[in-house]
Every structure is written in structure tokens, then in C-alpha cells.
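One structure is given below, encoded as C-alpha cells.
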Amino acid sequence: MNVEKIAMQRCSELLVLAKQMWKKDSVLSKRYVQLARKIAMRHRLKLRRRTFCKKCNAIFIFGENVTSRTSKKENAVLWKCNCGNVLKFPIKRK
Ligand SMILES: [Zn+2]
């Protein structure tokens with residue numbers, strides 16, 4: 001049996017659940033993200049970036065808990081979580 005495949009499936013299921021649960025119960029939603037991260041860590045899987053906050057484990061939902069803006073000075077897109085954590089994504093130049 002392919003353990004990594006099952007783990008990956010569990011992670012994505014948990015992230016989907018976290019997204020659905022956010023409006024009803026944000027604490028439970030954060031717990032789901034935490035579990036997904038733990039599974040990913042255990043099996044050394046890569047979870048997609050930009051899906052949750054590393055600091056408070058909140059799943060990102062636009063218009064709910066995250067705002068994005070571009071910074072010309074830093075040449076990056078900044079995502080600000082409700083907890084105050086800011087993520088920087090540099091803009092690639094061609
Ligand atoms: Zn956060």
C-alpha cells in the first residue's frame with residue numbers, strides 16, 4: 001500500500017473540511033488545518049502554499065480572514081491574515 005498517497009488524500013480532505021467549517025466553527029477549522037499539517041510533517045509531504053496561515057493555522061478565505069495588496073516598494077504581493085501575520089510573495093519579472 002502506498003502510505004504517502006493515503007496521507008496526501010487525508011491532508012486534502014482535511015483542508016476541504018477546514019474550508020467548509022470556517023464559517024460555522026473557526027476553532028474546529030483551525031484544528032483541521034493543524035491535523036493536516038501534522039500528517040504532512042510526519043510523511044514529509046508538501047502542502048500547497050497559500051492555503052493556510054502558518055502562524056494561526058487559519059485557512060485562507062478571501063473576504064473572510066485575508067486581504068491581499070501589492071507593494072511596489074517590495075515588488076511583492078502581500079497577504080495579511082487576521083492574526084496579523086503577513087505573507088510575501090515576490091512578483092517575478094520576465
Ligand atoms: Zn494567521
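Residues are referred to by chain and number: the chain letter is A, B, ... according to the order shown in the C-alpha cells, the number counts from 1 in that chain, and ligands are numbered separately from 1 in the order shown.
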Practice task
Within chain A, find each residue whose DSSP state, derived from the backbone, is alpha helix (DSSP H), and express the selection as a ChimeraX atom specification.
Solution key: /A:3-21,26-42
For the interface of chain A with ligand 1 (cut-off 9 Å, counting only C-alpha atoms and all ligand atoms), please tabulate each contacting residue of chain A alongside its nearest pair of atoms and their separation in Å to one decimal, rows sorted by chain and increasing number, as JSON lines.
{"residue": "A:Phe52", "atom": "CA", "partner": "ligand 1", "partner_atom_place_in_ligand_line": "1 (Zn)", "distance": 7.8}
{"residue": "A:Cys53", "atom": "CA", "partner": "ligand 1", "partner_atom_place_in_ligand_line": "1 (Zn)", "distance": 4.6}
{"residue": "A:Lys54", "atom": "CA", "partner": "ligand 1", "partner_atom_place_in_ligand_line": "1 (Zn)", "distance": 6.6}
{"residue": "A:Lys55", "atom": "CA", "partner": "ligand 1", "partner_atom_place_in_ligand_line": "1 (Zn)", "distance": 5.1}
{"residue": "A:Cys56", "atom": "CA", "partner": "ligand 1", "partner_atom_place_in_ligand_line": "1 (Zn)", "distance": 4.2}
{"residue": "A:Asn57", "atom": "CA", "partner": "ligand 1", "partner_atom_place_in_ligand_line": "1 (Zn)", "distance": 6.3}
{"residue": "A:Ala58", "atom": "CA", "partner": "ligand 1", "partner_atom_place_in_ligand_line": "1 (Zn)", "distance": 5.7}
{"residue": "A:Ile59", "atom": "CA", "partner": "ligand 1", "partner_atom_place_in_ligand_line": "1 (Zn)", "distance": 8.4}
{"residue": "A:Phe60", "atom": "CA", "partner": "ligand 1", "partner_atom_place_in_ligand_line": "1 (Zn)", "distance": 8.6}
{"residue": "A:Asn65", "atom": "CA", "partner": "ligand 1", "partner_atom_place_in_ligand_line": "1 (Zn)", "distance": 8.2}
{"residue": "A:Val66", "atom": "CA", "partner": "ligand 1", "partner_atom_place_in_ligand_line": "1 (Zn)", "distance": 8.4}
{"residue": "A:Lys80", "atom": "CA", "partner": "ligand 1", "partner_atom_place_in_ligand_line": "1 (Zn)", "distance": 7.9}
{"residue": "A:Cys81", "atom": "CA", "partner": "ligand 1", "partner_atom_place_in_ligand_line": "1 (Zn)", "distance": 4.6}
{"residue": "A:Asn82", "atom": "CA", "partner": "ligand 1", "partner_atom_place_in_ligand_line": "1 (Zn)", "distance": 5.7}
{"residue": "A:Cys83", "atom": "CA", "partner": "ligand 1", "partner_atom_place_in_ligand_line": "1 (Zn)", "distance": 4.3}
{"residue": "A:Gly84", "atom": "CA", "partner": "ligand 1", "partner_atom_place_in_ligand_line": "1 (Zn)", "distance": 6.3}
{"residue": "A:Asn85", "atom": "CA", "partner": "ligand 1", "partner_atom_place_in_ligand_line": "1 (Zn)", "distance": 5.3}
{"residue": "A:Val86", "atom": "CA", "partner": "ligand 1", "partner_atom_place_in_ligand_line": "1 (Zn)", "distance": 8.1}
Prev. selection, C-alpha atoms, output as an mmCIF file, in the first residue's frame:
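For reference, selection_24.cif as written:
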data_model
loop_
_atom_site.group_PDB
_atom_site.id
_atom_site.type_symbol
_atom_site.label_atom_id
_atom_site.label_comp_id
_atom_site.auth_asym_id
_atom_site.auth_seq_id
_atom_site.Cartn_x
_atom_site.Cartn_y
_atom_site.Cartn_z
ATOM 1 C CA PHE A 52 -3.426 28.436 5.279
ATOM 2 C CA CYS A 53 -1.679 30.735 7.737
ATOM 3 C CA LYS A 54 1.473 29.285 9.247
ATOM 4 C CA LYS A 55 1.070 31.298 12.383
ATOM 5 C CA CYS A 56 -2.535 30.751 13.433
ATOM 6 C CA ASN A 57 -3.464 27.741 11.252
ATOM 7 C CA ALA A 58 -6.427 29.553 9.727
ATOM 8 C CA ILE A 59 -7.407 28.505 6.231
ATOM 9 C CA PHE A 60 -7.369 31.436 3.827
ATOM 10 C CA ASN A 65 -9.858 36.414 7.012
ATOM 11 C CA VAL A 66 -7.272 37.520 4.492
ATOM 12 C CA LYS A 80 -2.375 39.817 5.527
ATOM 13 C CA CYS A 81 -4.066 37.338 7.817
ATOM 14 C CA ASN A 82 -6.493 38.377 10.533
ATOM 15 C CA CYS A 83 -3.949 37.388 13.174
ATOM 16 C CA GLY A 84 -1.528 40.000 11.852
ATOM 17 C CA ASN A 85 0.780 37.629 10.025
ATOM 18 C CA VAL A 86 1.914 38.938 6.637
#
Handout entry: chain A: residues DSSP assigns to strand (DSSP E or B), reported as a list in words
Key = Phe52, Ile59, Phe62, Val66, Thr67, Ser68, Arg69, Thr70, Ser71, Ala76, Val77, Leu78, Trp79, Lys80, Cys81, Val86, Leu87, Lys88, Phe89 and Pro90 of chain A
Would you mind exporting C-alpha atoms of the selected residues as an mmCIF file, in the first residue's frame?
data_model
loop_
_atom_site.group_PDB
_atom_site.id
_atom_site.type_symbol
_atom_site.label_atom_id
_atom_site.label_comp_id
_atom_site.auth_asym_id
_atom_site.auth_seq_id
_atom_site.Cartn_x
_atom_site.Cartn_y
_atom_site.Cartn_z
ATOM 1 C CA PHE A 52 -3.426 28.436 5.279
ATOM 2 C CA ILE A 59 -7.407 28.505 6.231
ATOM 3 C CA PHE A 62 -10.842 35.822 0.677
ATOM 4 C CA VAL A 66 -7.272 37.520 4.492
ATOM 5 C CA THR A 67 -6.600 40.652 2.492
ATOM 6 C CA SER A 68 -4.149 40.997 -0.333
ATOM 7 C CA ARG A 69 -2.417 44.021 -1.754
ATOM 8 C CA THR A 70 0.571 44.675 -3.950
ATOM 9 C CA SER A 71 3.593 46.552 -2.762
ATOM 10 C CA ALA A 76 5.675 41.631 -3.953
ATOM 11 C CA VAL A 77 2.108 40.628 -3.231
ATOM 12 C CA LEU A 78 1.325 40.883 0.454
ATOM 13 C CA TRP A 79 -1.310 38.738 2.115
ATOM 14 C CA LYS A 80 -2.375 39.817 5.527
ATOM 15 C CA CYS A 81 -4.066 37.338 7.817
ATOM 16 C CA VAL A 86 1.914 38.938 6.637
ATOM 17 C CA LEU A 87 2.994 36.661 3.808
ATOM 18 C CA LYS A 88 5.147 37.965 0.985
ATOM 19 C CA PHE A 89 5.052 36.548 -2.498
ATOM 20 C CA PRO A 90 7.621 38.161 -4.777
#
